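S.K.: The structure follows.
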Amino acid sequence: MSTNAKAPLALLGAAGSPYTRKMLALLRFRRIPHAIHWGSHRNPPPGLPEPKVKLLPTFYFPTADGVEAVTDSTPIIRRLEREHAGRSVIPDDPVVALLSDLIEDYADEWLTKAMFHFRWAHTADIENAGPMLIFWHDPTLPGQVAEAAAREISKRQIDRLYVVGSNPTTAATIEASYARFVEVLDGLIERQGYVVGARPSAADFAIQGQLSQLAIIEPTSAAITVQRSRRVRAWLDRVEDLSGLEPDAAHWASRADLADTLRPLLTEIGRVYAPFLLANAKAAMGGAETVETVIDGRPWTQPTFPYQAKCLMALRQAHAALSEADRAAADALLAGTGCEALFGGI
């Protein structure tokens with residue numbers, strides 16, 4: 001047996017973490033050898049360094065002088081693109097890549113509001129989630145210990161619902177948006193298989209990560225998913241492991257194709273996520289502790305989220321980095337969807 005092979009890339013994750021599931025599916029598709037340590041960011045594997053911010057998944061990248069602990073799935077995906085050739089999840093066309101970036105951001109930052117909301121806003125979901133989180137972490141715990149731990153973690157998470165914007169005022173907006181999204185995704189899958197073509201992009205894995213919980217684990221949102229699209233529910237099981245798919249550059253959709261196929265999804269993003277991003281950025285710039293705006297005709301209020309202000313900045317930087325011709329093409333695709341507001345003023 002050869003001793004020169006690189007060790008698998010180590011990461012710490014949890015089955016109930018949508019970002020862990022996002023990255024595991026992506027690693028499988030890209031055929032990057034990896035070894036996952038199931039656990040909590042509160043208790044990292046012994047002997048491995050702690051990241052600056054404890055989040056899941058945590059990747060442990062080898063460096064010249066040891067190991068570096070890194071979090072945040074989006075920049076990790078771009079790092080993996082630089083360090084591992086082939087089977088890219090970033091479209092070749094910079095305009096299509098920008099659209100994929102926007103959809104990935106929507107999944108990571110808006111769909112996660114739905115994930116957290118459905119997990120902790122309804123009794124049936126709370127009763128399901130508490131024990132699941134405990135047994136995902138340690139399936140050997142005695143029943144009474146697990147029950148007590150489930151009650152404790154449920155209370156802690158319910159008390160934090162307000163942070164992501166889930167509250168009685170916003171609940172209808174979140175739930176209606178999720179139901180519409182499932183139907184939009186159904187149409188995309190039927191037409192081309194994935195979000196920006198016949199091969200998966202980073203956006204697909206971001207969606208798969210959130211829906212690995214929303215469409216499968218949480219009873220209320222899982223029922224909504226099946227009612228609206230068994231296709232989407234089935235698609236998730238396939239995206240879990242696409243290591244056997246053989247992608248080709250021709251499998252990316254063209255700009256002309258996406259002008260039609262992506263419009264319903266971009267319109268949904270423009271309807272709910274764009275106004276949130278803009279209001280949040282304005283609040284962050286003004287030093288306000290609370291975002292207060294109207295989304296989809298209903299009041300929206302939540303604590304200001306500095307990280308999501310950075311998300312808007314990153315999207316604007318990617319848009320500004322396009323050539324003049326590509327930027328004009330991107331703007332034409334976004335025009336009238338509500339997403340064009342993201343690349344204007346605040």
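Letters A, B, ... go to the chains of the structure tokens in the order shown; residues in each chain start at 1; ligands are counted from 1 in the same order.
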Would you give me, as JSON lines, each residue of segment 194-217 of chain A having an atom within 9 Å of an atom of segment 239-245 of chain A, along with its shortest atom pair and that distance in Å to one decimal, using only C-alpha atoms and sorting by chain and residue number?
M.R.:
{"residue": "A:Arg199", "atom": "CA", "partner": "A:Leu245", "partner_atom": "CA", "distance": 8.4}
{"residue": "A:Pro200", "atom": "CA", "partner": "A:Val239", "partner_atom": "CA", "distance": 8.4}
{"residue": "A:Asp204", "atom": "CA", "partner": "A:Val239", "partner_atom": "CA", "distance": 8.2}
{"residue": "A:Phe205", "atom": "CA", "partner": "A:Val239", "partner_atom": "CA", "distance": 7.6}
{"residue": "A:Gln208", "atom": "CA", "partner": "A:Val239", "partner_atom": "CA", "distance": 7.0}
{"residue": "A:Gly209", "atom": "CA", "partner": "A:Glu240", "partner_atom": "CA", "distance": 8.9}
{"residue": "A:Ser212", "atom": "CA", "partner": "A:Glu240", "partner_atom": "CA", "distance": 8.7}
S.K.: Export, as a PDB file, in the first residue's frame, the selected residues with C-alpha atoms.
M.R.:
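So out.pdb came out as:
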ATOM      1  CA  ARG A 199     -24.912  19.726 -13.385  1.00  0.00           C
ATOM      2  CA  PRO A 200     -24.850  20.916  -9.770  1.00  0.00           C
ATOM      3  CA  ASP A 204     -27.594  23.337  -5.474  1.00  0.00           C
ATOM      4  CA  PHE A 205     -25.572  22.143  -2.507  1.00  0.00           C
ATOM      5  CA  GLN A 208     -29.731  20.678  -0.509  1.00  0.00           C
ATOM      6  CA  GLY A 209     -28.178  21.488   2.862  1.00  0.00           C
ATOM      7  CA  SER A 212     -31.927  18.123   4.186  1.00  0.00           C
TER       8      SER A 212
END
S.K.: What are the closest atom pairs, with distances in Å to one decimal, for all residues of segment 58-141 of chain A lying within 8 Å of segment 19-32 of chain A? Consider only C-alpha atoms, order rows by chain and residue number, and present the result as a tab-separated table.
M.R.:
residue	atom	partner	partner_atom	distance
A:Ser73	CA	A:Tyr19	CA	6.7
A:His84	CA	A:Ile32	CA	7.6
A:Gly86	CA	A:Arg30	CA	7.5
A:Arg87	CA	A:Arg30	CA	5.5
A:Ser88	CA	A:Arg30	CA	7.2
A:Asp108	CA	A:Tyr19	CA	7.9
S.K.: For the residues in the current selection, export C-alpha atoms as a JSON list (two decimals), in the first residue's frame.
M.R.:
[["chain", "number", "residue", "atom", "x", "y", "z"],
["A", 73, "SER", "CA", -19.00, 27.22, 3.83],
["A", 84, "HIS", "CA", -8.61, 20.56, -5.95],
["A", 86, "GLY", "CA", -11.86, 19.15, -11.71],
["A", 87, "ARG", "CA", -15.58, 18.69, -11.14],
["A", 88, "SER", "CA", -16.05, 22.38, -10.38],
["A", 108, "ASP", "CA", -27.54, 29.99, 3.15]]
S.K.: Among segment 115-210 of chain A, which ones does DSSP assign to helix (DSSP H, G or I) (computed from the backbone)? Answer as an NGL selection string.
M.R.: :A and (115-120 or 123-137 or 143-158 or 161-164 or 171-192 or 202-210)
S.K.: What does the distance between atom CA of Gly143 of chain A and atom CA of Gly16 of chain A come to in Å, to one decimal place?
M.R.: 19.5 Å
S.K.: Within 9 Å of Leu278 of chain A, counting only C-alpha atoms, which residues qualify if same-chain residues fewer than 3 places away don't, as a count of residues only?
M.R.: 12
S.K.: Using only C-alpha atoms, which of A:Ser323, A:Gln317, A:Gln227, A:Thr71 sits nearest Glu183 of chain A?
M.R.: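 Nearest candidate to Glu183 of chain A out of A:Ser323, A:Gln317, A:Gln227, A:Thr71: A:Gln227.
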S.K.: When DSSP is applied to the backbone of this structure, which of segment 71-300 of chain A are assigned strand (DSSP E or B)? Write them out as a ChimeraX atom specification.
M.R.: /A:194,197,252,290-295,298-300
S.K.: Between atom CA of Gly338 of chain A and atom CA of Trp252 of chain A, what is the spacing in Å?
M.R.: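 Answer for the atom CA of Trp252 of chain A to atom CA of Gly338 of chain A separation: 24.3 Å.
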